[in-house]
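Participant: Contents of entry-v2.pdb (PDB, C-alpha atoms) are given next:
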MODEL        1
ATOM      1  CA  LEU A  53      -7.921 -39.797   9.795
ATOM      2  CA  LYS A  54      -7.795 -41.887   6.630
ATOM      3  CA  PHE A  55     -10.729 -39.861   5.278
ATOM      4  CA  TYR A  56      -8.772 -36.594   5.471
ATOM      5  CA  HIS A  57      -5.898 -35.255   3.449
ATOM      6  CA  ILE A  58      -3.762 -32.121   3.707
ATOM      7  CA  LEU A  59      -4.649 -29.481   1.143
ATOM      8  CA  ASN A  60      -1.816 -27.055   1.738
ATOM      9  CA  CYS A  61       1.299 -27.377   3.865
ATOM     10  CA  GLU A  62       3.259 -24.288   2.902
ATOM     11  CA  TYR A  63       5.633 -22.670   5.320
ATOM     12  CA  GLY A  64       8.315 -20.045   5.059
ATOM     13  CA  LYS A  65       9.937 -16.876   6.292
ATOM     14  CA  ASN A  66       8.154 -13.514   6.235
ATOM     15  CA  THR A  67       9.448  -9.965   6.594
ATOM     16  CA  ILE A  68      13.084 -10.441   5.633
ATOM     17  CA  LYS A  69      14.142  -6.785   5.600
ATOM     18  CA  PHE A  70      17.508  -5.535   4.438
ATOM     19  CA  LEU A  71      19.178  -2.621   2.683
ATOM     20  CA  ARG A  72      21.791  -3.168  -0.008
ATOM     21  CA  LEU A  73      24.341  -0.406  -0.465
ATOM     22  CA  HIS A  74      26.368  -0.292  -3.689
ATOM     23  CA  ARG A  75      29.252   2.155  -4.138
ATOM     24  CA  GLU A  76      30.651   3.421  -7.422
ATOM     25  CA  GLY A  77      33.411   5.732  -6.348
ATOM     26  CA  LYS A  78      31.886   8.570  -4.371
ATOM     27  CA  LYS A  79      28.365   7.871  -5.686
ATOM     28  CA  HIS A  80      26.204   5.484  -3.671
ATOM     29  CA  PHE A  81      23.145   3.453  -4.681
ATOM     30  CA  VAL A  82      20.654   1.933  -2.228
ATOM     31  CA  LYS A  83      17.919  -0.664  -2.489
ATOM     32  CA  GLU A  84      15.844  -1.497   0.600
ATOM     33  CA  VAL A  85      13.456  -4.420   0.259
ATOM     34  CA  GLU A  86      11.227  -6.730   2.258
ATOM     35  CA  VAL A  87      11.044 -10.384   1.202
ATOM     36  CA  CYS A  88       8.678 -13.252   2.022
ATOM     37  CA  ALA A  89       9.645 -16.746   0.820
ATOM     38  CA  HIS A  90       7.324 -19.761   1.156
ATOM     39  CA  LEU A  91       7.956 -23.411   0.326
ATOM     40  CA  ARG A  92       5.909 -26.580  -0.064
ATOM     41  CA  LEU A  93       7.739 -29.880   0.196
ATOM     42  CA  THR A  94       7.107 -33.055  -1.799
ATOM     43  CA  SER A  95       5.900 -34.901   1.308
ATOM     44  CA  PRO A  96       3.953 -33.614   4.331
ATOM     45  CA  GLN A  97       5.744 -36.018   6.656
ATOM     46  CA  GLU A  98       6.708 -33.233   9.051
ATOM     47  CA  TYR A  99       2.972 -32.638   9.605
ATOM     48  CA  LEU A 100       1.822 -36.250   9.696
ATOM     49  CA  GLU A 101       4.745 -38.000  11.367
ATOM     50  CA  GLY A 102       6.789 -35.243  12.947
ATOM     51  CA  ASN A 103       9.729 -36.174  10.696
ATOM     52  CA  ASN A 104      11.772 -33.012  10.028
ATOM     53  CA  SER A 105      14.486 -34.597   7.873
ATOM     54  CA  HIS A 106      13.346 -32.726   4.720
ATOM     55  CA  VAL A 107      12.429 -29.446   6.401
ATOM     56  CA  ILE A 108      14.536 -26.432   5.412
ATOM     57  CA  PRO A 109      14.537 -24.197   8.528
ATOM     58  CA  THR A 110      13.092 -20.725   8.089
ATOM     59  CA  ASP A 111      16.332 -19.283   9.414
ATOM     60  CA  THR A 112      18.113 -21.029   6.526
ATOM     61  CA  ILE A 113      15.588 -19.526   4.093
ATOM     62  CA  LYS A 114      16.364 -16.075   5.467
ATOM     63  CA  ASN A 115      20.126 -16.609   5.146
ATOM     64  CA  ILE A 116      19.762 -17.836   1.549
ATOM     65  CA  VAL A 117      17.825 -14.690   0.594
ATOM     66  CA  LEU A 118      20.521 -12.470   2.133
ATOM     67  CA  VAL A 119      23.341 -14.397   0.420
ATOM     68  CA  LEU A 120      21.616 -14.153  -2.982
ATOM     69  CA  ALA A 121      21.182 -10.401  -2.529
ATOM     70  CA  LYS A 122      24.863 -10.000  -1.713
ATOM     71  CA  LYS A 123      26.053 -12.350  -4.460
ATOM     72  CA  ASN A 124      23.772 -11.400  -7.378
ATOM     73  CA  GLY A 125      22.596  -7.950  -6.355
ATOM     74  CA  ILE A 126      19.053  -6.764  -7.084
ATOM     75  CA  PRO A 127      18.964  -5.797 -10.770
ATOM     76  CA  SER A 128      15.177  -5.535 -10.423
ATOM     77  CA  LEU A 129      12.625  -6.768  -7.902
ATOM     78  CA  GLU A 130      11.248  -9.276 -10.397
ATOM     79  CA  GLN A 131      14.653 -10.677 -11.280
ATOM     80  CA  PHE A 132      15.557 -11.016  -7.612
ATOM     81  CA  ALA A 133      12.316 -12.941  -6.952
ATOM     82  CA  ILE A 134      13.102 -15.176  -9.947
ATOM     83  CA  ASP A 135      16.625 -15.811  -8.597
ATOM     84  CA  ILE A 136      15.180 -16.925  -5.252
ATOM     85  CA  CYS A 137      12.735 -19.320  -6.936
ATOM     86  CA  ASN A 138      15.430 -20.766  -9.192
ATOM     87  CA  HIS A 139      17.783 -21.323  -6.263
ATOM     88  CA  PHE A 140      15.312 -23.340  -4.194
ATOM     89  CA  MET A 141      14.152 -25.368  -7.194
ATOM     90  CA  THR A 142      17.653 -26.274  -8.361
ATOM     91  CA  THR A 143      19.247 -26.785  -4.933
ATOM     92  CA  PHE A 144      16.643 -28.721  -2.941
ATOM     93  CA  CYS A 145      15.039 -31.792  -4.510
ATOM     94  CA  GLN A 146      12.442 -31.977  -1.710
ATOM     95  CA  VAL A 147      10.917 -28.605  -2.693
ATOM     96  CA  ALA A 148       7.757 -29.007  -4.785
ATOM     97  CA  TYR A 149       6.646 -25.368  -4.857
ATOM     98  CA  VAL A 150       8.170 -21.987  -4.065
ATOM     99  CA  LYS A 151       6.598 -18.557  -3.870
ATOM    100  CA  THR A 152       8.432 -15.285  -3.294
ATOM    101  CA  TYR A 153       7.096 -11.820  -2.541
ATOM    102  CA  VAL A 154       9.357  -8.746  -2.707
ATOM    103  CA  GLN A 155       8.461  -5.113  -2.051
ATOM    104  CA  GLU A 156      10.678  -2.044  -2.167
ATOM    105  CA  VAL A 157      10.961   0.949   0.132
ATOM    106  CA  PRO A 158      10.576   4.033  -2.138
ATOM    107  CA  TRP A 159      13.938   5.734  -1.630
ATOM    108  CA  GLN A 160      14.812   8.434  -4.158
ATOM    109  CA  ARG A 161      18.039  10.330  -4.570
ATOM    110  CA  LEU A 162      17.971  13.739  -2.902
ATOM    111  CA  HIS A 163      18.400  16.777  -5.170
ATOM    112  CA  GLU A 164      19.707  20.154  -4.013
ATOM    113  CA  ASP A 165      19.101  23.026  -6.444
ATOM    114  CA  GLY A 166      18.567  20.468  -9.204
ATOM    115  CA  VAL A 167      21.865  18.685  -8.505
ATOM    116  CA  PRO A 168      21.602  14.989  -7.486
ATOM    117  CA  HIS A 169      23.295  14.221  -4.190
ATOM    118  CA  ILE A 170      25.949  11.501  -4.284
ATOM    119  CA  HIS A 171      24.978   9.728  -1.053
ATOM    120  CA  SER A 172      21.746  11.210   0.383
ATOM    121  CA  PHE A 173      18.228   9.908  -0.234
ATOM    122  CA  ILE A 174      14.628  10.740   0.668
ATOM    123  CA  CYS A 175      11.760   8.316   1.159
ATOM    124  CA  VAL A 176       8.896   9.424  -1.105
ATOM    125  CA  PRO A 177       5.524   7.729  -0.473
ATOM    126  CA  ASP A 178       4.290   7.890  -4.072
ATOM    127  CA  GLY A 179       3.378   4.220  -4.377
ATOM    128  CA  ILE A 180       5.127   1.050  -3.228
ATOM    129  CA  ARG A 181       6.506  -1.308  -5.853
ATOM    130  CA  PHE A 182       6.135  -5.051  -5.280
ATOM    131  CA  CYS A 183       6.353  -8.318  -7.176
ATOM    132  CA  GLU A 184       5.632 -12.028  -6.782
ATOM    133  CA  ALA A 185       7.196 -15.078  -8.407
ATOM    134  CA  GLU A 186       5.997 -18.664  -7.989
ATOM    135  CA  GLN A 187       6.845 -21.992  -9.522
ATOM    136  CA  CYS A 188       5.868 -25.643  -9.172
ATOM    137  CA  ARG A 189       8.400 -28.327  -9.948
ATOM    138  CA  ASN A 190       8.271 -29.120 -13.676
ATOM    139  CA  GLY A 191       5.898 -26.166 -14.089
ATOM    140  CA  PRO A 192       6.256 -22.688 -15.601
ATOM    141  CA  LEU A 193       7.603 -19.737 -13.675
ATOM    142  CA  VAL A 194       4.844 -17.181 -13.085
ATOM    143  CA  VAL A 195       5.727 -13.551 -12.343
ATOM    144  CA  PHE A 196       3.450 -10.789 -11.062
ATOM    145  CA  ALA A 197       4.269  -7.149 -10.362
ATOM    146  CA  GLY A 198       2.358  -4.217  -8.985
ATOM    147  CA  ILE A 199       1.951  -0.919  -7.166
ATOM    148  CA  LYS A 200       0.174  -0.394  -3.862
ATOM    149  CA  ASP A 201      -0.563   2.551  -1.557
ATOM    150  CA  LEU A 202      -0.650   4.944  -4.511
ATOM    151  CA  LYS A 203      -2.896   7.870  -3.533
ATOM    152  CA  LEU A 204      -4.310  10.031  -6.320
ATOM    153  CA  MET A 205      -6.701  12.977  -6.310
ATOM    154  CA  LYS A 206      -8.336  15.339  -8.767
ATOM    155  CA  THR A 207     -10.423  18.215  -7.486
ATOM    156  CA  THR A 208     -12.842  18.464 -10.409
ATOM    157  CA  GLN A 209     -13.790  16.687 -13.653
ATOM    158  CA  SER A 210     -15.518  13.927 -11.699
ATOM    159  CA  GLY A 211     -19.164  13.215 -10.959
ATOM    160  CA  PHE A 212     -21.704  10.514 -10.192
ATOM    161  CA  GLU A 213     -25.172  10.845 -11.746
ATOM    162  CA  GLY A 214     -27.957   8.729 -13.171
ATOM    163  CA  PHE A 215     -27.539   5.845 -10.736
ATOM    164  CA  TYR A 216     -30.355   3.537  -9.629
ATOM    165  CA  LYS A 217     -32.562   4.957  -6.868
ATOM    166  CA  ASN A 218     -35.190   3.516  -4.548
ATOM    167  CA  GLU A 219     -36.681   4.270  -1.130
ATOM    168  CA  HIS A 220     -33.323   3.561   0.563
ATOM    169  CA  THR A 221     -31.304   5.995  -1.564
ATOM    170  CA  THR A 222     -30.027   9.093   0.241
ATOM    171  CA  LEU A 223     -26.973   9.864  -1.896
ATOM    172  CA  PRO A 224     -27.476  13.006  -3.997
ATOM    173  CA  GLU A 225     -26.294  13.208  -7.586
ATOM    174  CA  ARG A 226     -23.093  15.165  -8.128
ATOM    175  CA  HIS A 227     -21.832  16.520 -11.424
ATOM    176  CA  ASP A 228     -18.690  18.062  -9.888
ATOM    177  CA  ARG A 229     -16.929  16.336  -7.032
ATOM    178  CA  ILE A 230     -13.470  15.483  -5.756
ATOM    179  CA  LEU A 231     -12.202  12.052  -6.796
ATOM    180  CA  CYS A 232      -9.627  10.757  -4.326
ATOM    181  CA  GLY A 233      -8.560   7.140  -4.047
ATOM    182  CA  GLU A 234      -5.820   4.768  -2.979
ATOM    183  CA  LEU A 235      -4.854   2.356  -5.756
ATOM    184  CA  PHE A 236      -3.729  -1.258  -5.642
ATOM    185  CA  CYS A 237      -2.537  -2.573  -9.012
ATOM    186  CA  LYS A 238      -1.270  -6.054  -9.826
ATOM    187  CA  TRP A 239      -0.454  -7.460 -13.234
ATOM    188  CA  SER A 240       0.898 -10.715 -14.588
ATOM    189  CA  TYR A 241       3.394 -11.289 -17.352
ATOM    190  CA  GLY A 242       2.840 -13.845 -20.065
ATOM    191  CA  GLU A 243       5.736 -16.101 -20.962
ATOM    192  CA  CYS A 244       8.517 -14.710 -18.796
ATOM    193  CA  LYS A 245      11.311 -13.680 -21.144
ATOM    194  CA  ASP A 246      14.284 -11.373 -20.731
ATOM    195  CA  PHE A 247      12.134  -8.334 -19.924
ATOM    196  CA  ASP A 248      13.330  -4.940 -18.763
ATOM    197  CA  PHE A 249      11.139  -5.063 -15.660
ATOM    198  CA  ASP A 250      12.143  -1.605 -14.418
ATOM    199  CA  CYS A 251      11.180   0.014 -17.720
ATOM    200  CA  ILE A 252       7.854  -1.832 -17.863
ATOM    201  CA  TRP A 253       6.974  -0.857 -14.284
ATOM    202  CA  LYS A 254       7.686   2.823 -14.947
ATOM    203  CA  LYS A 255       5.647   2.737 -18.168
ATOM    204  CA  ILE A 256       2.656   1.196 -16.399
ATOM    205  CA  ARG A 257       2.841   3.783 -13.639
ATOM    206  CA  GLU A 258       2.843   6.558 -16.243
ATOM    207  CA  CYS A 259      -0.237   5.011 -17.889
ATOM    208  CA  ILE A 260      -2.043   4.932 -14.537
ATOM    209  CA  LEU A 261      -1.360   8.604 -13.872
ATOM    210  CA  GLU A 262      -2.294   9.631 -17.417
ATOM    211  CA  ALA A 263      -5.585   7.736 -17.453
ATOM    212  CA  PHE A 264      -6.571   9.006 -14.000
ATOM    213  CA  ALA A 265      -5.764  12.682 -14.575
ATOM    214  CA  GLY A 266      -6.237  13.220 -18.314
ATOM    215  CA  PRO A 267      -4.516  16.014 -20.300
ATOM    216  CA  PRO A 268      -2.607  18.425 -18.015
ATOM    217  CA  ASP A 269      -4.355  21.562 -19.298
ATOM    218  CA  CYS A 270      -7.963  20.385 -19.028
ATOM    219  CA  GLY A 271      -8.147  16.898 -17.527
ATOM    220  CA  GLU A 272     -10.748  14.306 -18.470
ATOM    221  CA  TYR A 273     -14.226  13.862 -17.015
ATOM    222  CA  SER A 274     -14.864  10.755 -14.936
ATOM    223  CA  PRO A 275     -18.562   9.777 -14.705
ATOM    224  CA  SER A 276     -17.877   7.127 -12.056
ATOM    225  CA  TYR A 277     -15.205   5.376 -10.069
ATOM    226  CA  GLN A 278     -15.794   2.240 -12.153
ATOM    227  CA  LYS A 279     -15.218   4.063 -15.446
ATOM    228  CA  THR A 280     -11.913   5.490 -14.179
ATOM    229  CA  VAL A 281     -10.742   2.025 -13.152
ATOM    230  CA  ASN A 282     -11.621   0.629 -16.589
ATOM    231  CA  CYS A 283      -9.884   3.488 -18.425
ATOM    232  CA  ILE A 284      -6.673   2.787 -16.518
ATOM    233  CA  GLN A 285      -6.855  -0.927 -17.276
ATOM    234  CA  MET A 286      -7.535  -0.426 -20.983
ATOM    235  CA  LEU A 287      -4.708   2.081 -21.409
ATOM    236  CA  VAL A 288      -2.189  -0.226 -19.724
ATOM    237  CA  LEU A 289      -3.211  -3.283 -21.742
ATOM    238  CA  SER A 290      -3.126  -1.342 -25.018
ATOM    239  CA  ARG A 291       0.340   0.121 -24.462
ATOM    240  CA  VAL A 292       2.205  -2.616 -22.595
ATOM    241  CA  SER A 293       2.170  -5.831 -24.601
ATOM    242  CA  GLN A 294       4.138  -7.792 -21.995
ATOM    243  CA  VAL A 295       1.197  -7.655 -19.558
ATOM    244  CA  SER A 296      -1.247 -10.548 -19.872
ATOM    245  CA  SER A 297      -3.721  -9.503 -17.159
ATOM    246  CA  PHE A 298      -4.215  -6.425 -15.018
ATOM    247  CA  LEU A 299      -5.983  -6.141 -11.661
ATOM    248  CA  LEU A 300      -6.849  -2.719 -10.247
ATOM    249  CA  MET A 301      -8.625  -1.850  -7.025
ATOM    250  CA  MET A 302      -9.232   1.753  -6.012
ATOM    251  CA  PHE A 303     -10.266   2.393  -2.430
ATOM    252  CA  TYR A 304     -12.386   5.511  -2.585
ATOM    253  CA  LEU A 305     -11.466   8.226  -0.059
ATOM    254  CA  ASN A 306     -14.526  10.465   0.040
ATOM    255  CA  ALA A 307     -14.650  14.094   1.142
ATOM    256  CA  ASN A 308     -17.464  16.434   2.113
ATOM    257  CA  CYS A 309     -17.531  20.178   1.511
ATOM    258  CA  THR A 310     -18.143  22.010   4.786
ATOM    259  CA  THR A 311     -17.863  25.616   3.546
ATOM    260  CA  GLU A 312     -17.903  27.277   0.197
ATOM    261  CA  LYS A 313     -17.070  30.932  -0.412
ATOM    262  CA  THR A 314     -16.499  32.210  -3.947
ATOM    263  CA  ASN A 315     -14.010  29.775  -5.515
ATOM    264  CA  THR A 316     -12.632  28.378  -2.262
ATOM    265  CA  ARG A 317     -13.791  25.146  -0.682
ATOM    266  CA  VAL A 318     -12.871  23.820   2.746
ATOM    267  CA  LEU A 319     -13.013  20.054   2.708
ATOM    268  CA  PHE A 320     -13.176  17.611   5.583
ATOM    269  CA  PRO A 321     -12.014  14.058   4.750
ATOM    270  CA  LEU A 322     -14.392  11.357   5.898
ATOM    271  CA  SER A 323     -12.078   8.370   5.695
ATOM    272  CA  VAL A 324      -8.723   9.784   6.757
ATOM    273  CA  LEU A 325      -8.160  11.799   9.923
ATOM    274  CA  ARG A 326      -4.951  13.113  11.448
ATOM    275  CA  LEU A 327      -5.088  12.207  15.130
ATOM    276  CA  GLU A 328      -2.698  13.188  17.905
ATOM    277  CA  VAL A 329      -2.581  12.501  21.650
ATOM    278  CA  PRO A 330      -0.457  15.209  23.302
ATOM    279  CA  GLN A 331       1.496  14.800  26.510
ATOM    280  CA  LEU A 332      -0.368  16.267  29.454
ATOM    281  CA  GLY A 333       2.678  18.374  30.376
ATOM    282  CA  THR A 334       2.433  20.430  27.176
ATOM    283  CA  GLN A 335       0.188  23.445  26.615
ATOM    284  CA  TRP A 336      -1.977  21.392  24.258
ATOM    285  CA  GLY A 337      -2.218  18.686  26.906
ATOM    286  CA  ARG A 338      -3.258  21.128  29.648
ATOM    287  CA  THR A 339      -5.893  22.631  27.328
ATOM    288  CA  SER A 340      -7.182  19.167  26.465
ATOM    289  CA  LEU A 341      -7.347  18.125  30.108
ATOM    290  CA  SER A 342      -9.157  21.329  31.038
ATOM    291  CA  SER A 343     -11.745  20.792  28.295
ATOM    292  CA  TRP A 344     -12.138  17.175  29.340
ATOM    293  CA  GLN A 345     -12.910  18.157  32.938
ATOM    294  CA  HIS A 346     -15.791  20.356  31.715
ATOM    295  CA  LEU A 347     -17.652  17.290  30.491
ATOM    296  CA  ASN A 348     -19.905  15.714  33.082
ATOM    297  CA  LYS A 349     -19.052  12.304  34.465
ATOM    298  CA  SER A 350     -22.012  10.457  32.948
ATOM    299  CA  GLU A 351     -21.153  11.673  29.443
ATOM    300  CA  ARG A 352     -17.575  10.465  29.855
ATOM    301  CA  CYS A 353     -18.712   7.016  30.986
ATOM    302  CA  ALA A 354     -21.281   6.761  28.213
ATOM    303  CA  THR A 355     -18.769   7.417  25.454
ATOM    304  CA  HIS A 356     -15.959   5.300  27.001
ATOM    305  CA  VAL A 357     -13.445   8.015  26.195
ATOM    306  CA  HIS A 358      -9.888   7.368  27.335
ATOM    307  CA  TYR A 359      -7.893  10.100  25.563
ATOM    308  CA  ILE A 360      -8.646  13.574  24.316
ATOM    309  CA  ALA A 361      -6.855  16.057  22.066
ATOM    310  CA  ILE A 362      -7.541  19.529  20.704
ATOM    311  CA  ASP A 363      -6.287  20.402  17.237
ATOM    312  CA  GLN A 364      -6.618  23.450  14.995
ATOM    313  CA  LEU A 365      -7.709  22.063  11.639
ATOM    314  CA  TYR A 366      -7.969  25.285   9.688
ATOM    315  CA  TRP A 367      -7.441  28.944  10.435
ATOM    316  CA  GLY A 368      -9.878  29.919  13.160
ATOM    317  CA  GLU A 369     -11.430  26.430  13.299
ATOM    318  CA  VAL A 370     -10.793  24.258  16.354
ATOM    319  CA  ALA A 371     -11.798  20.618  16.721
ATOM    320  CA  LEU A 372     -11.936  18.367  19.751
ATOM    321  CA  PHE A 373     -11.065  14.711  19.181
ATOM    322  CA  PHE A 374     -12.222  11.885  21.437
ATOM    323  CA  PHE A 375     -10.236   8.643  21.514
ATOM    324  CA  THR A 376     -11.649   5.316  22.596
ATOM    325  CA  GLU A 377      -9.707   2.401  23.971
ATOM    326  CA  SER A 378      -9.020   1.160  20.430
ATOM    327  CA  GLU A 379      -7.535   4.586  19.540
ATOM    328  CA  LYS A 380     -10.227   5.435  17.024
ATOM    329  CA  PRO A 381     -12.252   8.677  17.174
ATOM    330  CA  ALA A 382     -15.624   8.114  18.796
ATOM    331  CA  ARG A 383     -16.955  11.622  18.297
ATOM    332  CA  LEU A 384     -15.980  14.977  16.805
ATOM    333  CA  LEU A 385     -17.445  18.091  18.412
ATOM    334  CA  THR A 386     -18.683  20.901  16.222
ATOM    335  CA  LYS A 387     -17.549  24.487  16.707
ATOM    336  CA  ARG A 388     -20.829  25.318  18.460
ATOM    337  CA  GLU A 389     -20.513  22.374  20.857
ATOM    338  CA  LEU A 390     -16.892  23.189  21.631
TER
ENDMDL
END
Now, as a test, write the supplied structure out as structure tokens.
Facilitator:
Amino acid sequence: LKFYHILNCEYGKNTIKFLRLHREGKKHFVKEVEVCAHLRLTSPQEYLEGNNSHVIPTDTIKNIVLVLAKKNGIPSLEQFAIDICNHFMTTFCQVAYVKTYVQEVPWQRLHEDGVPHIHSFICVPDGIRFCEAEQCRNGPLVVFAGIKDLKLMKTTQSGFEGFYKNEHTTLPERHDRILCGELFCKWSYGECKDFDFDCIWKKIRECILEAFAGPPDCGEYSPSYQKTVNCIQMLVLSRVSQVSSFLLMMFYLNANCTTEKTNTRVLFPLSVLRLEVPQLGTQWGRTSLSSWQHLNKSERCATHVHYIAIDQLYWGEVALFFFTESEKPARLLTKREL
């Protein structure tokens, strides 16, 4: 064992979820977050010798996070992550490194006829805000922020042409296609000063939407997924001086056109499907079971189908979904087959 050494001995508490409610008279404010806090101690004696004298229990870590939220509030996600790092560094001399991750549930105040409600909120999935803060003892505090699960789409002004082709190429060139993607963005701040993190986050989000969509009356042509990613990055870095680096990943959600009549297209998403398994006591369930019994036994065994559901995708179009043991669609029947 003398020839081996421990590279990383972090530990911590994940998924600390809580909602903080703040009241100002009749008006209420909410902030729901999920926190992960990890520590690395100055000595790995708990690993090597089983000596737990320096170990801060994960339950204690959780309680500290909750106390800090109650005591200091959450002025911003980034500031809350910084508060957690500062607390562990200044309170526990055995802590050599701390890393905190915080993400927010996207609650927005409910509006009725344009009037903001005083105590009702709606969860709007238009991108999840998150941040990270980490610090080594006697080292600088490093802060990251970002957006994830932000889905964007434009139905024209996008294409993909002139790419390299060989005998394995089957993808046709397209000068007009739908560009739909799910974005993950993460950026780092330079020297962490007294920033208005909320304002910076909103400004970056506006830059992302502007660069993706273009002018509202005409849009902007995107010759490739890569070019769109670069345009977003360049716009953010040119307008937000506090950002020192910017990472962007866009997971492309493709779509195929199944019918085209005049100016109307019916699109079938390839990467995202809405799947349901009805109860057999319902009308949908009885229809599904009846259709399932029409399939011969050998076909059922060959496809390893365990569940079945019928769904009406579009007006007059019916689809039959097969579900395998892992709850993923194994096959989709066409209208003719159905």
Participant: Return as a list of chain:residue names the set of residues that the PyMOL selection byres ((chain A and resi 296) around 6) yields on the displayed structure.
Facilitator: A:Ser240, A:Tyr241, A:Gly242, A:Val295, A:Ser297
Participant: Take CA of Ile170 (chain A) and CA of Lys78 (chain A) and report the distance between them in Å, one decimal.
Facilitator: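 CA of Lys78 (chain A) lies 6.6 Å from CA of Ile170 (chain A).
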Participant: Could you pull out every residue with an atom within 8 Å of (6.7, -14.4, 4.5), file coordinates, counting only C-alpha atoms, and send them as a PDB file with C-alpha atoms, in the frame of the given file?
Facilitator:
ATOM      1  CA  GLY A  64       8.315 -20.045   5.059  1.00  0.00           C
ATOM      2  CA  LYS A  65       9.937 -16.876   6.292  1.00  0.00           C
ATOM      3  CA  ASN A  66       8.154 -13.514   6.235  1.00  0.00           C
ATOM      4  CA  THR A  67       9.448  -9.965   6.594  1.00  0.00           C
ATOM      5  CA  ILE A  68      13.084 -10.441   5.633  1.00  0.00           C
ATOM      6  CA  VAL A  87      11.044 -10.384   1.202  1.00  0.00           C
ATOM      7  CA  CYS A  88       8.678 -13.252   2.022  1.00  0.00           C
ATOM      8  CA  ALA A  89       9.645 -16.746   0.820  1.00  0.00           C
ATOM      9  CA  HIS A  90       7.324 -19.761   1.156  1.00  0.00           C
ATOM     10  CA  TYR A 153       7.096 -11.820  -2.541  1.00  0.00           C
TER      11      TYR A 153
END
Participant: Set up a box along x, y and z of the file covering all listed atoms of region 88-93 of chain A, add 6 Å on every one of the six sides, and write the centre and edge lengths in Å to one decimal, as AutoDock Vina command-line options.
Facilitator:
--center_x 7.8 --center_y -21.6 --center_z 1.0 --size_x 15.7 --size_y 28.6 --size_z 14.1
Participant: Can you list, as a list of chain:residue names, every protein, DNA or RNA residue that comes within 9 Å of region 276-281 of chain A when you count all atoms listed in the file, leaving out same-chain residues fewer than 3 positions away?
Facilitator: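 Surrounding residues, per the criterion: A:Ser210, A:Gly211, A:Phe212, A:Glu213, A:Leu231, A:Ala263, A:Phe264, A:Ile284, A:Gln285, A:Met286, A:Leu300, A:Met301, A:Met302, A:Tyr304.
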Participant: Excluding His171 (chain A) and any residue of its chain fewer than 5 positions from it, enumerate the residues within 10 Å of it, using only C-alpha atoms, and give them as a list in words.
Facilitator: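 Near neighbours after the sequence-gap exclusion: Arg75, Lys78, Lys79, His80, Phe81, Val82, Arg161 and Leu162 of chain A.
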Participant: Run the PyMOL selection byres ((chain A and resi 236-238) around 8) on the file and write out the hits as a ChimeraX atom specification.
Facilitator: /A:196-202,234-235,239-240,298-302
Participant: Provide the CA of Arg189 (chain A) to CA of Val85 (chain A) distance in Å, to one decimal place.
Facilitator: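 Computing the Euclidean distance for CA of Arg189 (chain A) and CA of Val85 (chain A) yields 26.5 Å.
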Participant: In the coordinates of the file, take the point (-10.8, 17.0, -4.2) and a cut-off of 8 Å; then, counting all atoms listed in the file, name each qualifying protein, DNA or RNA residue as a list of chain:residue names.
Facilitator: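 Residues with an atom close enough to that point: A:Met205, A:Lys206, A:Thr207, A:Thr208, A:Arg229, A:Ile230, A:Leu231, A:Cys232, A:Ala307, A:Leu319.
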